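K.L.:
My structure is below; once you've seen it, I'll send some questions.
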Amino acid sequence: MGNRQSTPAESFGNLLEVFCGGSQEKAAKESNAEREKKIRGTVVLTKKNVLDFKDYTASVLDRVHEFCGKRVSLHLIGAVQRDLANENGGKQRKLGKAAYLENWITTFTSVAVAVAGEASFKVTFDWDETMGVPGAFTIRNNHHSQFYLKTVTLHEVPGQGEVHFVCNSWVYPRHRYKYDRVFFANKTYLPCDTPEPLRHYREQELINLRGNRSGMLKEWDRVYDYAFYNDLGMPDKGPSYARPVLGGSKEYPYPRRARTGRPPTKTDPNTESRLPLLSLNIYVPRDEQFSPVKFSDFLAYALKSIGQVLVPEIAAIFDKTPNEFDSFQDILNLYEGGVKLPRGLTLGKIRNCIQWEMLKELARSESNGLLKFPLPDVIKVDKSAWRTDEEFAREMLAGVNPVVIRRLQEFPPTSKLDPQIYGHQNSSITREDVEKNMNGLIVDEAIENNRLFILDHHDALMPYLRRINTTSTKTYASRTLLFLQEDGTLKPLAIELSLPHPQGDSHGATSQVFTPAEDGVEGSVWQLAKAYAAVNDSGYHQLISHWLNTHAVIEPFVIAANRQLSVLHPIYKLLQPHFRDTLYINALARQILINAGGVLEMTVFPARYAMEMSSIIYKSWNFTEQGLPADLLKRGVAVADPSNPSGLRLLIEDYPYAVDGLEIWFAIETWVQEYCSFYYQTDESVRSDSELQSWWAEIRNEGHGDKRDQPWWPEMRTKVELIRTCTIIIWVASALHAAVNFGQYPYAGYLPNRPTVSRRFMPEPGTDDFAELESNPDLVFLKTITAQLQTLLGVSLIEILSRHASDEIYLGQRDPSLWTTDAGPLQAFDRFGSRLVEIEKNITKRNNDPRWKNRSGPVKVPYTLLYPSTSDPNRATGLTGMGIPNSVSI
């Protein structure tokens with residue numbers, strides 16, 4: 001029974017099996033080795049400790065984690081489908097092997113020598129060529145602290161060269177996420193064209209960004225969701241701080257804001273609790289916050305935007321002159337001399353509330369402790385030209401609010417307010433009031449020849465005027481009639497100031513009409529009438545033209561794009577630059593500007609009714625009318641003209657905002673048309689784009705949900721609708737916002753030119769006030785308009801809002817330049833940039849042409865608010881009154 005000897009045949013067979021088996025295994029290993037290549041990459045990021053100087057331990061703890069093997073790992077994802085049914089025991093390997101950032105421990109970053117503290121790390125991937133060109137990667141941060149991942153570049157990828165991943169995202173430690181972070185190469189795919197291996201990651205990323213619609217959101221959450229404007233009031237402080245919820249009701253419709261999930265207040269379960277006033281830790285997805293450079297710029301001026309904190313201290317300074325300017329020279333001293341800041345104990349109190357670096361900005365001249373403002377453009381050349389009728393009218397075409405004036409098509413002007421509620425509200429201006437200043441024309445001739453125009457704030461303000469005048473504000477609802485002269489300038493004809501009837505709204509309005517005068521008490525009365533009209537226009541500008549029609553209405557588009565459009569989607573890539581910083585600046589506005597008791601309520605005449613009033617005006621908002629050509633036609637300042645390349649003709653030829661704006665509009669439209677046509681060849685390709693249709697449905701049904709049933713919404717069924725929609729979005733976010741924002745300090749930095757509040761009614765003949773007007777008209781003017789403390793707060797605010805950050809990105813620019821690999825869109829974008837540079841030259845030429853009197857006016861301020869600054873962005877940085885940023889970013 002001993003060991004059996006193998007026969008020669010068996011021995012040969014065993015040997016053959018061993019030999020062949022070994023040969024097959026060896027061949028497999030050699031085959032794997034041939035197809036697995038080393039791909040080297042460069043990762044550019046910024047460590048947390050570089051951006052947060054207070055977190056000294058972050059750098060140390062990250063190095064400890066690295067030393068203990070808790071490293072930052074990356075896995076490449078191929079863009080080619082593999083048949084791996086029989087590989088790895090039948091388990092499909094979806095990811096490449098883990099690769100790790102190299103030399104983290106020995107890499108130190110100095111802010112002094114790096115761009116925003118950036119550091120570069122090498123990484124080496126083992127890559128199986130059969131998985132094709134890498135199309136994405138996942139990353140796990142096993143360190144203690146987050147870092148800002150800017151780019152990943154793969155070098156010498158076989159058959160491809162370099163592959164770029166544009167990340168620009170904060171990556172928090174792994175335990176903060178329930179998923180691995182994923183980033184895609186700078187390719188562009190419609191959903192139906194997405195490579196199969198990437199499709200799951202594309203869909204899952206959008207699911208992650210939508211969140212679960214519950215809970216309080218934390219800084220590391222990457223959730224985009226909607227909420228009503230229920231975060232403005234503070235009812236726990238008392239009834240005077242309660243504010244209605246805006247949005248979600250027929251009474252107070254409003255665009256949606258980004259959700260934070262903060263708990264409700266104790267007093268009102270429908271009102272969301274607020275953060276401490278000085279807190280800037282408002283939730284928006286971390287990637288939506290300002291860049292470190294912009295945030296440092298913002299902090300340098302932020303003290304002025306939270307001026308409420310300083311009110312008790314600053315107010316005490318002015319007790320000797322009870323909050324009044326005694327002369328126009330007192331106002332000029334804000335720019336030429338300065339106002340003394342408190343010293344000693346008071347300054348110490350302020351320092352305890354405010355970071356010292358921000359306090360230094362308030363005290364610009366630290367040696368003498370003076371609060372001093374830059375000289376506004378409107379008084380740089382001539383200190384009194386702002387008071388002329390020509391400049392008063394010109395600013396309706398080329399000032400900070402050139403979007404309201406309309407052609408008068410009926411006389412007298414009529415009201416659209418419901419007469420059952422508000423009684424007779426039509427204008428009381430008569431032909432005799434205006435025809436004496438119409439250069440020989442009568443009203444009917446002027447209307448027929450398109451020579452009469454109106455700045456009409458009557459209907460917008462009248463429903464709230466009774467309540468507004470119960471506050472410290474004392475103002476009117478105004479109508480201003482203007483005549484277009486032969487030289488292209490406008491001449492004011494009459495100003496109507498109206499109040500609600502003392503016996504009740506149903507009795508209509510009581511009105512006074514004032515006409516131009518230069519001398520005596522009549523001239524002083526006319527100056528006051530213009531001031532009341534300017535107060536109306538200032539408030540409407542801030543609340544409607546600026547806040548509502550740019551900031552608020554764009555926010556839902558930002559949220560919906562991040563929830564429904566993948567970063568791979570062509571429309572996301574088109575619009576994303578125009579959404580930069582919008583969520584964060586709007587969140588800051590709700591925190592310190594438009595909230596109950598905020599700077600806006602303190603400095604603009606509607607006071608506590610400001611946001612509520614903007615909600616009522618939102619009822620008439622129409623998305624399709626936000627494009628410039630449609631807006632000009634609606635206001636009657638242009639008419640359709642098929643013979644004109646633009647398709648319309650301006651009725652005021654020298655209308656700087658419209659002239660420059662139309663060039664910008666059609667440049668944007670051409671760029672959008674060329675871009676969209678590259679990805680959408682047919683209308684069917686628009687209809688079949690699942691992400692695009694979900695995005696548009698969500699904007700209509702959620703983002704602007706109170707408007708969901710309006711018939712004017714584009715159906716998003718054709719290329720034409722897609723192109724027009726994207727053009728409007730880009731126009732509103734870039735050029736329209738630039739036109740109504742960056743001229744604030746140049747024109748309204750000198751408050752007498754654009755007062756935001758009126759505190760007394762027009763003096764009546766026979767009263768002491770009227771006698772004072774006769775003896776000291778300047779003092780009465782100053783006692784009527786914005787008070788001293790409100791002026792300081794208001795001027796401080798608009799100085800912040802009018803500044804371009806040093807890292808601003810302007811229309812016609814992209815950061816980074818490698819935003820797509822598709823040559824067609826890149827070439828189209830270059831043409832767009834070149835066209836904008838041509839427009840810059842056209843604007844400069846028009847500004848230098850003496851024929852166009854409205855382009856600089858008596859104050860000699862050239863119209864540059866729609867000068868793109870594509871060619872030289874550094875020229876626009878700061879308080880320049882020029883430059884079109886890509887987005888609503890301040």
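Labeling convention for the structure tokens: chains A, B, ... as they appear, residues from 1 per chain, ligands from 1 in order of appearance.
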Write down as a PyMOL selection string the residues of region 588-793 of chain A whose backbone DSSP state falls under strand (DSSP E).

P.N.:
chain A and resi 638-640+648-650

K.L.:
Those residues you just picked out, can you put them in a file as a compact mmCIF listing (two decimals), in the first residue's frame with N, CA, C and O atoms?

P.N.:
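Result file result.txt:
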# COMPACT_ATOMS: atom_id res chain seq x y z
N ALA A 638 -38.84 103.16 -26.64
CA ALA A 638 -38.40 102.63 -27.93
C ALA A 638 -39.61 102.08 -28.65
O ALA A 638 -40.62 101.73 -28.02
N VAL A 639 -39.52 102.00 -29.96
CA VAL A 639 -40.58 101.40 -30.77
C VAL A 639 -39.95 100.38 -31.70
O VAL A 639 -38.76 100.46 -32.04
N ALA A 640 -40.76 99.40 -32.11
CA ALA A 640 -40.27 98.39 -33.04
C ALA A 640 -39.90 99.04 -34.36
O ALA A 640 -40.62 99.90 -34.88
N LEU A 648 -35.36 97.72 -33.11
CA LEU A 648 -36.11 98.79 -32.46
C LEU A 648 -35.38 100.12 -32.61
O LEU A 648 -34.21 100.17 -32.97
N ARG A 649 -36.12 101.19 -32.33
CA ARG A 649 -35.56 102.54 -32.44
C ARG A 649 -35.85 103.30 -31.15
O ARG A 649 -36.98 103.33 -30.67
N LEU A 650 -34.81 103.90 -30.60
CA LEU A 650 -34.97 104.68 -29.38
C LEU A 650 -35.64 106.01 -29.69
O LEU A 650 -35.27 106.69 -30.65

K.L.:
Residues near region 408-424 of chain A, anyone? I mean within 8 Å using only C-alpha atoms, not counting same-chain ones fewer than 2 positions away, as a list in words.

P.N.:
Arg406, Asn426, Ser427, Ser428, Ile429, Thr430, Val443, Ile447, Asn450, Leu452, Phe453, Ile454, His458, Asp459, Pro463, Asp505, Ser506, His507, Gly508 and Ala509 of chain A

K.L.:
Counting only C-alpha atoms, give me one row per residue of region 813-871 of chain A with an atom at most 12 Å from an atom of region 679-686 of chain A, showing the shortest contact pair and its distance in Å to one decimal, sorted by chain then residue number, as a tab-separated table.

P.N.:
residue	atom	partner	partner_atom	distance
A:Asp822	CA	A:Tyr679	CA	10.2
A:Gly824	CA	A:Tyr679	CA	9.8
A:Pro825	CA	A:Tyr679	CA	9.3

K.L.:
For the selection just defined, write its residues with all heavy atoms to a file, as a JSON list (two decimals), in the first residue's frame.

P.N.:
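Dumped to result10.json:
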[["chain", "number", "residue", "atom", "x", "y", "z"],
["A", 822, "ASP", "N", -14.18, 72.07, -25.44],
["A", 822, "ASP", "CA", -14.81, 72.19, -26.75],
["A", 822, "ASP", "C", -14.35, 73.46, -27.46],
["A", 822, "ASP", "O", -14.54, 74.57, -26.96],
["A", 822, "ASP", "CB", -16.34, 72.19, -26.61],
["A", 822, "ASP", "CG", -16.86, 70.86, -26.08],
["A", 822, "ASP", "OD1", -16.25, 69.83, -26.41],
["A", 822, "ASP", "OD2", -17.86, 70.86, -25.34],
["A", 824, "GLY", "N", -15.38, 74.94, -30.24],
["A", 824, "GLY", "CA", -16.40, 75.86, -30.73],
["A", 824, "GLY", "C", -16.81, 76.90, -29.70],
["A", 824, "GLY", "O", -16.77, 78.11, -29.97],
["A", 825, "PRO", "N", -17.22, 76.50, -28.50],
["A", 825, "PRO", "CA", -17.56, 77.47, -27.46],
["A", 825, "PRO", "C", -16.39, 78.36, -27.06],
["A", 825, "PRO", "O", -16.59, 79.56, -26.79],
["A", 825, "PRO", "CB", -18.02, 76.59, -26.30],
["A", 825, "PRO", "CG", -18.57, 75.37, -26.96],
["A", 825, "PRO", "CD", -17.67, 75.13, -28.13]]

K.L.:
Closest to Phe678 (chain A) among A:Gly248, A:Gly117, A:Leu190, A:Trp386, using only C-alpha atoms?

P.N.:
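Using only C-alpha atoms, Phe678 (chain A) sits closest to A:Leu190.
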
K.L.:
With only C-alpha atoms counted and 9 Å as the cut-off, give the residues of region 463-535 of chain A in contact with region 838-856 of chain A, each with its shortest interatomic distance in Å and the pair that gives it, as a Markdown table.

P.N.:
| residue | atom | partner | partner_atom | distance |
| --- | --- | --- | --- | --- |
| A:Asp487 | CA | A:Lys853 | CA | 7.9 |
| A:Gly488 | CA | A:Lys853 | CA | 7.4 |
| A:Thr489 | CA | A:Asn854 | CA | 6.4 |
| A:Leu490 | CA | A:Asn854 | CA | 8.9 |

K.L.:
For the residues selected in the previous step, produce a file with C-alpha atoms as a short mmCIF file (atom, residue, chain, number, x, y, z; two decimals), in the first residue's frame.

P.N.:
data_model
loop_
_atom_site.label_atom_id
_atom_site.label_comp_id
_atom_site.auth_asym_id
_atom_site.auth_seq_id
_atom_site.Cartn_x
_atom_site.Cartn_y
_atom_site.Cartn_z
CA ASP A 487 -30.90 119.08 -28.37
CA GLY A 488 -31.84 115.68 -26.90
CA THR A 489 -31.94 116.79 -23.27
CA LEU A 490 -34.96 116.55 -21.00
#

K.L.:
Would you mind telling me which residue in A:Ile730, A:Ile652, A:Ala227, A:Val123 lies nearest to Gly705 (chain A) when using only C-alpha atoms?

P.N.:
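Nearest to Gly705 (chain A): A:Ala227.
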
K.L.:
Provide the CA of Asp433 (chain A) to CA of Leu482 (chain A) distance in Å, to one decimal place.

P.N.:
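Computed distance, CA of Asp433 (chain A) to CA of Leu482 (chain A), equals 12.0 Å.
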
K.L.:
Considering only C-alpha atoms, return as a PyMOL selection string whatever protein or nucleic-acid residues lie within 7 Å of Ile585 (chain A), sequence-local ones (same chain, fewer than 4 positions apart) excluded.

P.N.:
chain A and resi 581+589+889-890

K.L.:
Do you have the CA of Ile785 (chain A)-CA of Leu588 (chain A) distance handy?

P.N.:
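For CA of Ile785 (chain A) relative to CA of Leu588 (chain A), the distance reads 27.9 Å.
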
K.L.:
Using DSSP on the backbone coordinates, identify all residues within region 51-197 of chain A classified as alpha helix (DSSP H); present the result as a PyMOL selection string.

P.N.:
chain A and resi 51+57-67+196-197

K.L.:
Would you write out those residues with N, CA and C atoms, as a PDB file, in the first residue's frame?

P.N.:
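After the write, selection_9.pdb holds the following:
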ATOM      1  N   LEU A  51      -5.832  80.194   5.309  1.00  0.00           N
ATOM      2  CA  LEU A  51      -6.957  81.107   5.159  1.00  0.00           C
ATOM      3  C   LEU A  51      -7.560  81.509   6.493  1.00  0.00           C
ATOM      4  N   THR A  57      -3.717  75.326  15.037  1.00  0.00           N
ATOM      5  CA  THR A  57      -3.530  73.890  15.227  1.00  0.00           C
ATOM      6  C   THR A  57      -3.825  73.078  13.983  1.00  0.00           C
ATOM      7  N   ALA A  58      -4.516  73.670  12.995  1.00  0.00           N
ATOM      8  CA  ALA A  58      -4.926  72.894  11.826  1.00  0.00           C
ATOM      9  C   ALA A  58      -3.739  72.275  11.120  1.00  0.00           C
ATOM     10  N   SER A  59      -2.702  73.068  10.923  1.00  0.00           N
ATOM     11  CA  SER A  59      -1.529  72.569  10.210  1.00  0.00           C
ATOM     12  C   SER A  59      -0.866  71.421  10.967  1.00  0.00           C
ATOM     13  N   VAL A  60      -0.759  71.579  12.299  1.00  0.00           N
ATOM     14  CA  VAL A  60      -0.113  70.533  13.103  1.00  0.00           C
ATOM     15  C   VAL A  60      -0.934  69.241  13.082  1.00  0.00           C
ATOM     16  N   LEU A  61      -2.234  69.370  13.295  1.00  0.00           N
ATOM     17  CA  LEU A  61      -3.081  68.179  13.350  1.00  0.00           C
ATOM     18  C   LEU A  61      -3.144  67.470  12.009  1.00  0.00           C
ATOM     19  N   ASP A  62      -3.154  68.219  10.928  1.00  0.00           N
ATOM     20  CA  ASP A  62      -3.154  67.581   9.616  1.00  0.00           C
ATOM     21  C   ASP A  62      -1.882  66.775   9.400  1.00  0.00           C
ATOM     22  N   ARG A  63      -0.761  67.304   9.859  1.00  0.00           N
ATOM     23  CA  ARG A  63       0.495  66.573   9.709  1.00  0.00           C
ATOM     24  C   ARG A  63       0.528  65.326  10.599  1.00  0.00           C
ATOM     25  N   VAL A  64      -0.081  65.419  11.782  1.00  0.00           N
ATOM     26  CA  VAL A  64      -0.171  64.233  12.650  1.00  0.00           C
ATOM     27  C   VAL A  64      -1.000  63.154  11.965  1.00  0.00           C
ATOM     28  N   HIS A  65      -2.139  63.537  11.404  1.00  0.00           N
ATOM     29  CA  HIS A  65      -2.966  62.572  10.693  1.00  0.00           C
ATOM     30  C   HIS A  65      -2.196  61.957   9.530  1.00  0.00           C
ATOM     31  N   GLU A  66      -1.478  62.789   8.806  1.00  0.00           N
ATOM     32  CA  GLU A  66      -0.698  62.299   7.673  1.00  0.00           C
ATOM     33  C   GLU A  66       0.347  61.290   8.145  1.00  0.00           C
ATOM     34  N   PHE A  67       1.018  61.608   9.251  1.00  0.00           N
ATOM     35  CA  PHE A  67       2.059  60.722   9.786  1.00  0.00           C
ATOM     36  C   PHE A  67       1.479  59.379  10.219  1.00  0.00           C
ATOM     37  N   GLU A 196     -21.183  56.181 -19.928  1.00  0.00           N
ATOM     38  CA  GLU A 196     -21.886  55.331 -18.968  1.00  0.00           C
ATOM     39  C   GLU A 196     -21.193  55.250 -17.613  1.00  0.00           C
ATOM     40  N   PRO A 197     -19.857  55.101 -17.544  1.00  0.00           N
ATOM     41  CA  PRO A 197     -19.222  55.018 -16.217  1.00  0.00           C
ATOM     42  C   PRO A 197     -19.391  56.285 -15.374  1.00  0.00           C
TER      43      PRO A 197
END

K.L.:
Report as a list in words all protein, DNA and RNA residues lying within 9 Å of Arg563 (chain A), evaluated on only C-alpha atoms, omitting residues in the same chain fewer than 6 positions from it.

P.N.:
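Non-adjacent residues within range: Leu206, Ile207, Asn208, Leu209, Arg210, Val223, Tyr224, Asp225 and Trp695 of chain A.
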
K.L.:
Identify, on the basis of only C-alpha atoms, every residue whose closest approach to Thr471 (chain A) does not exceed 12 Å; exclude the query and any residue fewer than 4 positions from it along the same chain; express the result as a PyMOL selection string.

P.N.:
chain A and resi 240+464-467+475+601-602+604-609+757-760

K.L.:
Show me, as a count of residues only, the residues that have an atom within 9 Å of Val166 (chain A) when counting only C-alpha atoms, minus same-chain residues fewer than 2 positions from it.

P.N.:
14

K.L.:
Return the single residue from A:Trp621, A:Tyr100, A:Trp696, A:Tyr675 that is closest to Arg717 (chain A), with distances computed using only C-alpha atoms.

P.N.:
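Closest candidate: A:Trp696.
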
K.L.:
Show me, as a PDB file with N, CA, C and O atoms, in the first residue's frame, the residues that have an atom within 8 Å of region 795-797 of chain A when counting only C-alpha atoms, minus same-chain residues fewer than 3 positions from it.

P.N.:
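This is the output file part00.pdb:
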ATOM      1  N   LYS A 304     -19.015  99.778   8.046  1.00  0.00           N
ATOM      2  CA  LYS A 304     -20.057 100.714   7.652  1.00  0.00           C
ATOM      3  C   LYS A 304     -21.387 100.021   7.400  1.00  0.00           C
ATOM      4  O   LYS A 304     -22.444 100.617   7.561  1.00  0.00           O
ATOM      5  N   SER A 305     -21.345  98.755   6.980  1.00  0.00           N
ATOM      6  CA  SER A 305     -22.594  98.045   6.708  1.00  0.00           C
ATOM      7  C   SER A 305     -23.247  97.534   7.980  1.00  0.00           C
ATOM      8  O   SER A 305     -24.373  97.071   7.955  1.00  0.00           O
ATOM      9  N   VAL A 599     -29.866  98.437   8.192  1.00  0.00           N
ATOM     10  CA  VAL A 599     -29.404  99.697   7.620  1.00  0.00           C
ATOM     11  C   VAL A 599     -30.396 100.245   6.603  1.00  0.00           C
ATOM     12  O   VAL A 599     -30.644 101.451   6.550  1.00  0.00           O
ATOM     13  N   TYR A 745     -22.481 105.347  -5.370  1.00  0.00           N
ATOM     14  CA  TYR A 745     -21.639 106.335  -4.694  1.00  0.00           C
ATOM     15  C   TYR A 745     -21.319 107.534  -5.587  1.00  0.00           C
ATOM     16  O   TYR A 745     -21.368 108.681  -5.116  1.00  0.00           O
ATOM     17  N   ALA A 748     -25.047 109.198  -5.525  1.00  0.00           N
ATOM     18  CA  ALA A 748     -25.760 109.316  -4.250  1.00  0.00           C
ATOM     19  C   ALA A 748     -24.817 109.411  -3.061  1.00  0.00           C
ATOM     20  O   ALA A 748     -25.275 109.567  -1.927  1.00  0.00           O
ATOM     21  N   GLY A 749     -23.503 109.325  -3.297  1.00  0.00           N
ATOM     22  CA  GLY A 749     -22.563 109.541  -2.210  1.00  0.00           C
ATOM     23  C   GLY A 749     -22.659 110.954  -1.654  1.00  0.00           C
ATOM     24  O   GLY A 749     -22.256 111.213  -0.517  1.00  0.00           O
ATOM     25  N   TYR A 750     -23.179 111.856  -2.478  1.00  0.00           N
ATOM     26  CA  TYR A 750     -23.505 113.210  -2.023  1.00  0.00           C
ATOM     27  C   TYR A 750     -25.015 113.231  -1.828  1.00  0.00           C
ATOM     28  O   TYR A 750     -25.786 113.398  -2.777  1.00  0.00           O
ATOM     29  N   LEU A 751     -25.460 113.043  -0.600  1.00  0.00           N
ATOM     30  CA  LEU A 751     -26.870 112.794  -0.305  1.00  0.00           C
ATOM     31  C   LEU A 751     -27.827 113.894  -0.774  1.00  0.00           C
ATOM     32  O   LEU A 751     -28.960 113.597  -1.148  1.00  0.00           O
ATOM     33  N   THR A 791     -27.428 109.993   7.036  1.00  0.00           N
ATOM     34  CA  THR A 791     -26.522 110.255   5.928  1.00  0.00           C
ATOM     35  C   THR A 791     -25.233 109.474   6.083  1.00  0.00           C
ATOM     36  O   THR A 791     -24.733 108.856   5.142  1.00  0.00           O
ATOM     37  N   LEU A 792     -24.664 109.488   7.289  1.00  0.00           N
ATOM     38  CA  LEU A 792     -23.428 108.735   7.529  1.00  0.00           C
ATOM     39  C   LEU A 792     -23.621 107.249   7.248  1.00  0.00           C
ATOM     40  O   LEU A 792     -22.794 106.608   6.593  1.00  0.00           O
ATOM     41  N   ILE A 800     -19.714 100.907   0.169  1.00  0.00           N
ATOM     42  CA  ILE A 800     -19.391  99.478   0.099  1.00  0.00           C
ATOM     43  C   ILE A 800     -19.966  98.860  -1.160  1.00  0.00           C
ATOM     44  O   ILE A 800     -19.291  98.135  -1.896  1.00  0.00           O
ATOM     45  N   LEU A 801     -21.241  99.154  -1.416  1.00  0.00           N
ATOM     46  CA  LEU A 801     -21.933  98.523  -2.537  1.00  0.00           C
ATOM     47  C   LEU A 801     -21.377  98.949  -3.883  1.00  0.00           C
ATOM     48  O   LEU A 801     -21.537  98.235  -4.879  1.00  0.00           O
TER      49      LEU A 801
END

K.L.:
So how many Å separate CA of Pro244 (chain A) and CA of His501 (chain A), to one decimal?

P.N.:
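For CA of Pro244 (chain A) relative to CA of His501 (chain A), the distance reads 26.3 Å.
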
K.L.:
Which residue gives the smallest distance to Asp778 (chain A) among A:Thr515, A:Asn536, A:Gln329, A:Thr271, with only C-alpha atoms counted?

P.N.:
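Using only C-alpha atoms, Asp778 (chain A) sits closest to A:Gln329.
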